[in-house]
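Pasted below: upload13.cif, mmCIF, C-alpha atoms.
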data_run
#
loop_
_atom_site.label_atom_id
_atom_site.label_comp_id
_atom_site.auth_asym_id
_atom_site.auth_seq_id
_atom_site.Cartn_x
_atom_site.Cartn_y
_atom_site.Cartn_z
CA MET A 1 78.95 15.05 -18.89
CA ALA A 2 77.74 14.77 -15.42
CA ALA A 3 75.31 12.03 -14.60
CA ARG A 4 72.14 13.20 -13.04
CA THR A 5 70.69 11.20 -10.24
CA THR A 6 67.26 11.49 -8.76
CA ALA A 7 66.59 10.78 -5.17
CA THR A 8 63.68 8.63 -4.26
CA ARG A 9 61.60 9.57 -1.33
CA LYS A 10 60.73 6.96 1.21
CA THR A 11 57.65 7.40 3.28
CA LYS A 12 57.11 5.88 6.64
CA THR A 13 53.79 4.41 7.57
CA THR A 14 52.70 5.21 11.02
CA ALA A 15 51.67 2.58 13.49
CA LYS A 16 48.11 3.92 13.48
CA THR A 17 47.70 3.40 9.76
CA SER A 18 48.98 -0.16 9.76
CA THR A 19 46.93 -1.01 12.87
CA ALA A 20 43.79 0.34 11.22
CA LYS A 21 44.43 -1.77 8.13
CA LYS A 22 44.89 -4.89 10.25
CA ALA A 23 41.70 -4.19 12.19
CA ALA A 24 39.76 -3.75 8.95
CA ALA A 25 41.12 -7.04 7.67
CA LYS A 26 40.10 -8.88 10.85
CA LYS A 27 36.45 -7.76 10.71
CA THR A 28 34.08 -10.53 9.89
CA VAL A 29 30.51 -10.19 8.79
CA PRO A 30 28.06 -12.84 9.96
CA ILE A 31 26.47 -14.75 7.12
CA SER A 32 22.78 -15.44 7.49
CA THR A 33 21.75 -18.93 6.59
CA GLU A 34 18.29 -18.02 5.29
CA PRO A 35 17.61 -15.05 3.05
CA ALA A 36 14.99 -12.61 4.24
CA PRO A 37 11.61 -13.19 2.63
CA VAL A 38 10.82 -10.72 -0.11
CA GLU A 39 7.26 -9.95 -1.11
CA ALA A 40 6.64 -9.62 -4.81
CA PRO A 41 5.05 -6.33 -5.83
CA GLU A 42 1.46 -6.41 -6.99
CA THR A 43 1.23 -6.66 -10.72
CA THR A 44 -1.27 -4.59 -12.61
CA VAL A 45 -2.37 -4.99 -16.17
CA VAL A 46 -2.09 -1.79 -18.14
CA THR A 47 -4.49 -1.38 -21.00
CA THR A 48 -4.30 1.30 -23.65
CA MET A 49 -7.37 3.24 -24.71
CA LYS A 50 -7.27 4.35 -28.32
CA LYS A 51 -8.83 7.61 -29.48
CA LYS A 52 -11.63 5.75 -31.28
CA ASP A 53 -12.58 3.93 -28.06
CA PHE A 54 -12.44 7.19 -26.14
CA ILE A 55 -14.74 8.92 -28.64
CA ASP A 56 -17.19 6.00 -28.46
CA ARG A 57 -17.28 6.19 -24.66
CA VAL A 58 -17.79 9.96 -24.70
CA ALA A 59 -20.60 9.66 -27.26
CA GLU A 60 -22.31 6.98 -25.19
CA ALA A 61 -21.92 8.86 -21.88
CA SER A 62 -23.10 12.20 -23.27
CA GLY A 63 -25.87 10.89 -25.51
CA VAL A 64 -24.66 12.76 -28.59
CA LYS A 65 -23.88 11.38 -32.02
CA ARG A 66 -20.41 9.94 -32.57
CA GLY A 67 -19.51 12.63 -35.14
CA GLU A 68 -20.30 15.43 -32.71
CA ALA A 69 -18.43 13.69 -29.90
CA LYS A 70 -15.43 13.24 -32.20
CA LYS A 71 -15.24 16.99 -32.92
CA ALA A 72 -15.50 17.85 -29.22
CA VAL A 73 -12.95 15.22 -28.13
CA GLU A 74 -10.39 16.21 -30.78
CA ALA A 75 -10.70 19.91 -29.88
CA THR A 76 -10.37 19.08 -26.17
CA LEU A 77 -7.31 16.88 -26.67
CA LYS A 78 -5.66 19.54 -28.84
CA GLU A 79 -6.20 22.25 -26.21
CA LEU A 80 -4.96 19.97 -23.40
CA GLY A 81 -1.81 19.12 -25.36
CA ASP A 82 -1.14 22.76 -26.23
CA ALA A 83 -1.63 23.89 -22.62
CA LEU A 84 0.75 21.21 -21.33
CA GLN A 85 3.35 22.10 -23.95
CA ARG A 86 3.18 25.72 -22.80
CA GLY A 87 3.84 24.47 -19.25
CA GLU A 88 0.44 25.52 -17.88
CA GLU A 89 -1.00 23.86 -14.81
CA LEU A 90 -4.44 22.37 -15.43
CA ASN A 91 -7.11 22.10 -12.75
CA LEU A 92 -9.94 20.17 -14.39
CA PRO A 93 -12.34 18.42 -12.00
CA PRO A 94 -13.20 15.54 -12.13
CA LEU A 95 -10.01 14.73 -14.09
CA GLY A 96 -7.82 16.35 -11.43
CA LYS A 97 -4.91 18.74 -11.20
CA MET A 98 -2.14 18.27 -13.75
CA SER A 99 1.23 19.97 -13.72
CA VAL A 100 4.22 19.67 -16.03
CA LYS A 101 7.35 18.30 -14.34
CA ARG A 102 9.77 18.12 -17.29
CA GLN A 103 9.80 18.87 -21.01
CA GLN A 104 12.23 17.68 -23.65
CA ASP A 105 12.41 17.87 -27.42
CA GLY A 106 13.00 14.38 -28.73
CA ALA A 107 13.53 13.03 -32.21
CA GLY A 108 10.26 13.82 -33.97
CA ALA A 109 8.33 14.42 -30.72
CA HIS A 110 8.00 16.81 -27.81
CA VAL A 111 8.21 14.75 -24.61
CA ILE A 112 6.27 16.04 -21.60
CA VAL A 113 6.42 14.42 -18.17
CA ALA A 114 3.39 15.49 -16.16
CA LYS A 115 1.96 14.74 -12.75
CA LEU A 116 -1.76 14.15 -12.33
CA ARG A 117 -3.25 14.42 -8.86
CA ARG A 118 -6.79 13.18 -8.33
CA SER A 119 -8.47 13.59 -4.98
CA LYS A 120 -10.42 10.66 -3.64
CA THR A 121 -13.59 12.74 -3.48
CA MET A 122 -13.34 13.31 -7.25
CA LEU A 123 -13.19 9.57 -7.73
CA GLY A 124 -16.25 8.98 -5.58
CA GLU A 125 -14.29 7.20 -2.86
CA GLU A 126 -14.96 7.91 0.78
CA VAL A 127 -12.19 9.73 2.59
CA GLU A 128 -11.43 8.65 6.15
CA GLY A 129 -12.93 11.04 8.68
CA GLU A 130 -15.56 12.46 6.31
CA GLU A 131 -18.24 9.97 7.27
CA GLY A 132 -18.40 11.25 10.85
CA ALA A 133 -18.55 14.85 9.66
CA GLU A 134 -21.54 14.06 7.40
CA GLU A 135 -23.40 12.37 10.24
CA THR A 136 -22.75 15.36 12.51
CA ALA A 137 -24.11 17.75 9.87
CA GLU A 138 -27.22 15.57 9.36
CA THR A 139 -27.98 15.43 13.09
CA ALA A 140 -27.50 19.18 13.42
CA THR A 141 -30.10 19.83 10.68
CA GLU A 142 -32.56 17.32 12.15
CA GLU A 143 -32.43 18.98 15.57
CA ASN A 144 -33.31 22.44 14.18
#
With the file now loaded, output its structure as C-alpha coordinates.
Amino acid sequence: MAARTTATRKTKTTAKTSTAKKAAAKKTVPISTEPAPVEAPETTVVTTMKKKDFIDRVAEASGVKRGEAKKAVEATLKELGDALQRGEELNLPPLGKMSVKRQQDGAGAHVIVAKLRRSKTMLGEEVEGEEGAEETAETATEEN
(Lines of atoms letter the chains of each structure in order from A and count residues from 1; the text may use other names and numbers.)
(Lines give C-alpha, C1' and ligand atoms only; values in the text may rest on other atoms or scores of the structure.)
Protein backbone atom coordinates (compact mmCIF):
# COMPACT_ATOMS: atom_id res chain seq x y z
CA MET A 1 0.00 0.00 0.00
CA ALA A 2 1.16 3.41 -0.79
CA ALA A 3 1.59 5.85 2.02
CA ARG A 4 -0.32 9.02 1.61
CA THR A 5 1.33 12.22 2.61
CA THR A 6 -0.28 15.58 3.05
CA ALA A 7 1.54 18.74 2.35
CA THR A 8 1.37 21.52 4.84
CA ARG A 9 1.00 25.01 3.60
CA LYS A 10 3.23 27.68 4.99
CA THR A 11 2.07 31.23 4.92
CA LYS A 12 4.31 34.20 4.93
CA THR A 13 3.50 37.22 7.00
CA THR A 14 4.11 40.44 5.29
CA ALA A 15 6.22 43.17 6.77
CA LYS A 16 3.17 45.42 7.05
CA THR A 17 1.29 42.97 9.23
CA SER A 18 4.14 42.40 11.65
CA THR A 19 4.91 46.14 11.79
CA ALA A 20 1.27 46.89 12.60
CA LYS A 21 1.31 44.33 15.41
CA LYS A 22 4.47 45.84 16.87
CA ALA A 23 3.02 49.35 16.69
CA ALA A 24 -0.14 48.20 18.47
CA ALA A 25 1.95 46.60 21.19
CA LYS A 26 3.98 49.79 21.72
CA LYS A 27 0.92 52.03 22.26
CA THR A 28 0.56 53.20 25.80
CA VAL A 29 -2.49 54.73 27.36
CA PRO A 30 -1.94 57.43 29.96
CA ILE A 31 -3.33 56.53 33.35
CA SER A 32 -5.11 59.31 35.18
CA THR A 33 -4.25 59.59 38.81
CA GLU A 34 -7.65 60.85 39.95
CA PRO A 35 -10.93 59.41 38.74
CA ALA A 36 -13.39 61.85 37.25
CA PRO A 37 -16.06 62.94 39.71
CA VAL A 38 -19.38 61.23 39.17
CA GLU A 39 -22.61 62.79 40.33
CA ALA A 40 -25.10 60.43 41.89
CA PRO A 41 -28.52 60.47 40.24
CA GLU A 42 -31.37 61.99 42.18
CA THR A 43 -33.29 59.39 44.08
CA THR A 44 -37.04 59.48 44.17
CA VAL A 45 -39.35 57.60 46.44
CA VAL A 46 -42.00 55.70 44.55
CA THR A 47 -45.24 55.14 46.37
CA THR A 48 -48.01 52.83 45.24
CA MET A 49 -51.62 53.93 45.29
CA LYS A 50 -54.05 51.09 45.90
CA LYS A 51 -57.50 51.01 44.32
CA LYS A 52 -59.16 51.67 47.70
CA ASP A 53 -57.09 54.84 48.17
CA PHE A 54 -57.87 55.92 44.62
CA ILE A 55 -61.61 55.45 45.16
CA ASP A 56 -61.43 57.44 48.41
CA ARG A 57 -59.64 60.31 46.66
CA VAL A 58 -62.14 60.33 43.79
CA ALA A 59 -65.09 60.31 46.21
CA GLU A 60 -63.59 63.20 48.17
CA ALA A 61 -62.71 65.25 45.07
CA SER A 62 -66.09 64.74 43.39
CA GLY A 63 -68.27 65.02 46.49
CA VAL A 64 -70.14 61.78 45.81
CA LYS A 65 -70.62 58.82 48.11
CA ARG A 66 -67.85 56.22 48.20
CA GLY A 67 -70.12 53.50 46.75
CA GLU A 68 -70.98 55.61 43.73
CA ALA A 69 -67.35 56.60 43.22
CA LYS A 70 -66.35 52.92 43.43
CA LYS A 71 -68.72 51.97 40.60
CA ALA A 72 -67.49 54.83 38.41
CA VAL A 73 -63.79 54.15 39.11
CA GLU A 74 -64.08 50.40 38.45
CA ALA A 75 -65.92 50.99 35.16
CA THR A 76 -63.33 53.59 34.12
CA LEU A 77 -60.38 51.36 34.96
CA LYS A 78 -61.95 48.44 33.08
CA GLU A 79 -62.49 50.55 29.95
CA LEU A 80 -58.95 51.99 30.13
CA GLY A 81 -57.45 48.51 30.45
CA ASP A 82 -59.55 47.13 27.59
CA ALA A 83 -58.65 50.05 25.30
CA LEU A 84 -54.93 49.64 26.04
CA GLN A 85 -55.12 45.89 25.43
CA ARG A 86 -56.70 46.57 22.04
CA GLY A 87 -53.75 48.88 21.28
CA GLU A 88 -55.82 52.07 21.15
CA GLU A 89 -54.23 55.44 21.74
CA LEU A 90 -55.90 57.38 24.55
CA ASN A 91 -56.09 61.17 24.64
CA LEU A 92 -57.64 61.98 28.00
CA PRO A 93 -56.96 65.49 29.33
CA PRO A 94 -55.93 66.19 32.08
CA LEU A 95 -54.43 62.68 32.35
CA GLY A 96 -52.58 63.07 29.05
CA LYS A 97 -51.96 61.13 25.88
CA MET A 98 -51.23 57.43 26.30
CA SER A 99 -50.01 55.08 23.60
CA VAL A 100 -49.11 51.39 23.69
CA LYS A 101 -45.46 50.69 22.88
CA ARG A 102 -45.31 46.89 23.36
CA GLN A 103 -47.63 44.05 24.34
CA GLN A 104 -46.74 40.57 25.51
CA ASP A 105 -48.67 37.63 26.90
CA GLY A 106 -46.97 36.54 30.09
CA ALA A 107 -47.66 33.70 32.48
CA GLY A 108 -51.11 34.50 33.85
CA ALA A 109 -51.02 38.15 32.70
CA HIS A 110 -51.10 40.35 29.63
CA VAL A 111 -48.14 42.75 29.85
CA ILE A 112 -48.58 46.18 28.25
CA VAL A 113 -45.80 48.76 28.05
CA ALA A 114 -47.33 52.17 27.48
CA LYS A 115 -46.07 55.72 27.17
CA LEU A 116 -47.90 58.55 28.91
CA ARG A 117 -47.23 62.10 27.77
CA ARG A 118 -48.53 64.94 29.92
CA SER A 119 -48.12 68.51 28.79
CA LYS A 120 -47.00 71.04 31.35
CA THR A 121 -50.15 73.10 30.80
CA MET A 122 -52.25 70.08 31.86
CA LEU A 123 -50.26 69.92 35.07
CA GLY A 124 -50.79 73.60 35.80
CA GLU A 125 -47.12 74.46 35.33
CA GLU A 126 -46.09 77.55 33.45
CA VAL A 127 -44.42 76.92 30.12
CA GLU A 128 -41.49 79.14 29.19
CA GLY A 129 -42.52 81.83 26.72
CA GLU A 130 -46.23 81.70 27.59
CA GLU A 131 -46.04 84.40 30.24
CA GLY A 132 -45.03 87.06 27.72
CA ALA A 133 -47.80 86.00 25.35
CA GLU A 134 -50.42 86.36 28.11
CA GLU A 135 -49.19 89.84 28.99
CA THR A 136 -49.32 90.86 25.32
CA ALA A 137 -52.91 89.62 25.02
CA GLU A 138 -53.92 91.48 28.21
CA THR A 139 -52.41 94.76 27.02
CA ALA A 140 -54.08 94.40 23.63
CA THR A 141 -57.52 94.03 25.27
CA GLU A 142 -56.92 96.96 27.64
CA GLU A 143 -56.02 99.28 24.76
CA ASN A 144 -59.28 98.57 22.86
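Here the PyMOL selection byres ((chain A and resi 99) around 9) matches the residues Leu84, Gly87, Glu88, Glu89, Leu90, Asn91, Lys97, Met98, Val100, Lys101, Val113, Ala114, Lys115, Leu116 and Arg117 of chain A.
Restricting the calculation to only C-alpha atoms, the smallest distance between A:Lys51 and any of A:Leu77, A:Ala107, A:Ile112, A:Gln85 is found for A:Leu77.
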Enclose the full set of atoms of stretch 36-53 of chain A listed in the file within a box whose edges lie along x, y and z, apply 5 Å of padding to each of the six sides, and report centre and edge lengths in Å to one decimal as lines of an AutoDock Vina configuration file.
center_x = 1.2
center_y = -2.8
center_z = -13.5
size_x = 37.6
size_y = 30.8
size_z = 45.5
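Here atom CA of A:Arg102 stands at a distance of 19.5 Å from atom CA of A:Arg118.
Taking atom CA of A:Lys78 and atom CA of A:Val45 as the two end points, the separation is 27.8 Å.
Minimum atom-to-atom distance to A:Ala75, evaluated using all atoms listed in the file, belongs to A:Ile55 out of A:Val38, A:Glu60, A:Leu92, A:Ile55.
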If the PyMOL selection byres ((chain A and resi 73) around 12) were run on this exact file, what residues would it hold? Put them as a PyMOL selection string. chain A and resi 51-59+62+64+66-72+74-80
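When atom CA of A:Arg86 is paired with atom CA of A:Ala109, their separation reads 14.7 Å.
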Counting all atoms listed in the file, which of A:Thr44, A:His110, A:Gly124, A:Glu34 gets nearest to A:Gly81? A:His110
Restore all heavy atoms in stretch 64-75 of chain A and list the result as a PDB file, in the frame of the given file.
ATOM      1  N   VAL A  64     -24.725  12.054 -27.312  1.00  0.00           N
ATOM      2  CA  VAL A  64     -24.660  12.760 -28.590  1.00  0.00           C
ATOM      3  C   VAL A  64     -24.183  11.798 -29.668  1.00  0.00           C
ATOM      4  O   VAL A  64     -23.694  10.702 -29.372  1.00  0.00           O
ATOM      5  CB  VAL A  64     -23.723  14.000 -28.524  1.00  0.00           C
ATOM      6  CG1 VAL A  64     -24.230  15.004 -27.518  1.00  0.00           C
ATOM      7  CG2 VAL A  64     -22.300  13.597 -28.218  1.00  0.00           C
ATOM      8  N   LYS A  65     -24.324  12.224 -30.912  1.00  0.00           N
ATOM      9  CA  LYS A  65     -23.880  11.380 -32.020  1.00  0.00           C
ATOM     10  C   LYS A  65     -22.355  11.289 -31.999  1.00  0.00           C
ATOM     11  O   LYS A  65     -21.665  12.179 -31.525  1.00  0.00           O
ATOM     12  CB  LYS A  65     -24.339  11.969 -33.350  1.00  0.00           C
ATOM     13  CG  LYS A  65     -25.844  11.920 -33.525  1.00  0.00           C
ATOM     14  CD  LYS A  65     -26.234  12.481 -34.867  1.00  0.00           C
ATOM     15  CE  LYS A  65     -27.737  12.428 -35.035  1.00  0.00           C
ATOM     16  NZ  LYS A  65     -28.159  13.018 -36.313  1.00  0.00           N
ATOM     17  N   ARG A  66     -21.858  10.187 -32.560  1.00  0.00           N
ATOM     18  CA  ARG A  66     -20.410   9.940 -32.570  1.00  0.00           C
ATOM     19  C   ARG A  66     -19.657  11.037 -33.294  1.00  0.00           C
ATOM     20  O   ARG A  66     -18.571  11.449 -32.868  1.00  0.00           O
ATOM     21  CB  ARG A  66     -20.131   8.576 -33.212  1.00  0.00           C
ATOM     22  CG  ARG A  66     -18.681   8.156 -33.080  1.00  0.00           C
ATOM     23  CD  ARG A  66     -18.419   6.814 -33.752  1.00  0.00           C
ATOM     24  NE  ARG A  66     -17.059   6.402 -33.548  1.00  0.00           N
ATOM     25  CZ  ARG A  66     -15.992   6.928 -34.143  1.00  0.00           C
ATOM     26  NH1 ARG A  66     -16.135   7.926 -34.984  1.00  0.00           N
ATOM     27  NH2 ARG A  66     -14.784   6.484 -33.900  1.00  0.00           N
ATOM     28  N   GLY A  67     -20.178  11.566 -34.385  1.00  0.00           N
ATOM     29  CA  GLY A  67     -19.510  12.630 -35.140  1.00  0.00           C
ATOM     30  C   GLY A  67     -19.351  13.900 -34.328  1.00  0.00           C
ATOM     31  O   GLY A  67     -18.310  14.569 -34.385  1.00  0.00           O
ATOM     32  N   GLU A  68     -20.386  14.238 -33.567  1.00  0.00           N
ATOM     33  CA  GLU A  68     -20.300  15.430 -32.710  1.00  0.00           C
ATOM     34  C   GLU A  68     -19.317  15.208 -31.565  1.00  0.00           C
ATOM     35  O   GLU A  68     -18.561  16.098 -31.203  1.00  0.00           O
ATOM     36  CB  GLU A  68     -21.692  15.776 -32.164  1.00  0.00           C
ATOM     37  CG  GLU A  68     -22.672  16.215 -33.231  1.00  0.00           C
ATOM     38  CD  GLU A  68     -24.078  16.382 -32.687  1.00  0.00           C
ATOM     39  OE1 GLU A  68     -24.260  16.342 -31.448  1.00  0.00           O
ATOM     40  OE2 GLU A  68     -24.992  16.538 -33.497  1.00  0.00           O
ATOM     41  N   ALA A  69     -19.347  14.015 -30.997  1.00  0.00           N
ATOM     42  CA  ALA A  69     -18.430  13.690 -29.900  1.00  0.00           C
ATOM     43  C   ALA A  69     -16.987  13.720 -30.398  1.00  0.00           C
ATOM     44  O   ALA A  69     -16.096  14.181 -29.685  1.00  0.00           O
ATOM     45  CB  ALA A  69     -18.766  12.325 -29.314  1.00  0.00           C
ATOM     46  N   LYS A  70     -16.780  13.256 -31.642  1.00  0.00           N
ATOM     47  CA  LYS A  70     -15.430  13.240 -32.200  1.00  0.00           C
ATOM     48  C   LYS A  70     -14.871  14.650 -32.317  1.00  0.00           C
ATOM     49  O   LYS A  70     -13.720  14.906 -31.944  1.00  0.00           O
ATOM     50  CB  LYS A  70     -15.440  12.564 -33.581  1.00  0.00           C
ATOM     51  CG  LYS A  70     -14.072  12.478 -34.218  1.00  0.00           C
ATOM     52  CD  LYS A  70     -14.125  11.764 -35.556  1.00  0.00           C
ATOM     53  CE  LYS A  70     -12.734  11.704 -36.162  1.00  0.00           C
ATOM     54  NZ  LYS A  70     -12.729  11.019 -37.454  1.00  0.00           N
ATOM     55  N   LYS A  71     -15.692  15.600 -32.797  1.00  0.00           N
ATOM     56  CA  LYS A  71     -15.240  16.990 -32.920  1.00  0.00           C
ATOM     57  C   LYS A  71     -14.878  17.558 -31.551  1.00  0.00           C
ATOM     58  O   LYS A  71     -13.838  18.214 -31.393  1.00  0.00           O
ATOM     59  CB  LYS A  71     -16.323  17.843 -33.571  1.00  0.00           C
ATOM     60  CG  LYS A  71     -16.542  17.556 -35.027  1.00  0.00           C
ATOM     61  CD  LYS A  71     -17.680  18.402 -35.567  1.00  0.00           C
ATOM     62  CE  LYS A  71     -18.049  18.019 -36.977  1.00  0.00           C
ATOM     63  NZ  LYS A  71     -19.228  18.785 -37.458  1.00  0.00           N
ATOM     64  N   ALA A  72     -15.735  17.313 -30.572  1.00  0.00           N
ATOM     65  CA  ALA A  72     -15.500  17.850 -29.220  1.00  0.00           C
ATOM     66  C   ALA A  72     -14.265  17.225 -28.588  1.00  0.00           C
ATOM     67  O   ALA A  72     -13.442  17.925 -27.980  1.00  0.00           O
ATOM     68  CB  ALA A  72     -16.718  17.605 -28.345  1.00  0.00           C
ATOM     69  N   VAL A  73     -14.097  15.914 -28.729  1.00  0.00           N
ATOM     70  CA  VAL A  73     -12.950  15.220 -28.130  1.00  0.00           C
ATOM     71  C   VAL A  73     -11.652  15.683 -28.776  1.00  0.00           C
ATOM     72  O   VAL A  73     -10.669  15.962 -28.080  1.00  0.00           O
ATOM     73  CB  VAL A  73     -13.113  13.681 -28.247  1.00  0.00           C
ATOM     74  CG1 VAL A  73     -11.814  12.962 -27.970  1.00  0.00           C
ATOM     75  CG2 VAL A  73     -14.198  13.195 -27.314  1.00  0.00           C
ATOM     76  N   GLU A  74     -11.617  15.780 -30.098  1.00  0.00           N
ATOM     77  CA  GLU A  74     -10.390  16.210 -30.780  1.00  0.00           C
ATOM     78  C   GLU A  74     -10.008  17.629 -30.395  1.00  0.00           C
ATOM     79  O   GLU A  74      -8.830  17.922 -30.174  1.00  0.00           O
ATOM     80  CB  GLU A  74     -10.545  16.056 -32.288  1.00  0.00           C
ATOM     81  CG  GLU A  74     -10.494  14.605 -32.732  1.00  0.00           C
ATOM     82  CD  GLU A  74     -10.667  14.409 -34.221  1.00  0.00           C
ATOM     83  OE1 GLU A  74     -11.077  15.358 -34.928  1.00  0.00           O
ATOM     84  OE2 GLU A  74     -10.399  13.290 -34.683  1.00  0.00           O
ATOM     85  N   ALA A  75     -10.997  18.535 -30.289  1.00  0.00           N
ATOM     86  CA  ALA A  75     -10.700  19.910 -29.880  1.00  0.00           C
ATOM     87  C   ALA A  75     -10.192  19.935 -28.434  1.00  0.00           C
ATOM     88  O   ALA A  75      -9.241  20.669 -28.118  1.00  0.00           O
ATOM     89  CB  ALA A  75     -11.953  20.771 -30.017  1.00  0.00           C
TER      90      ALA A  75
END
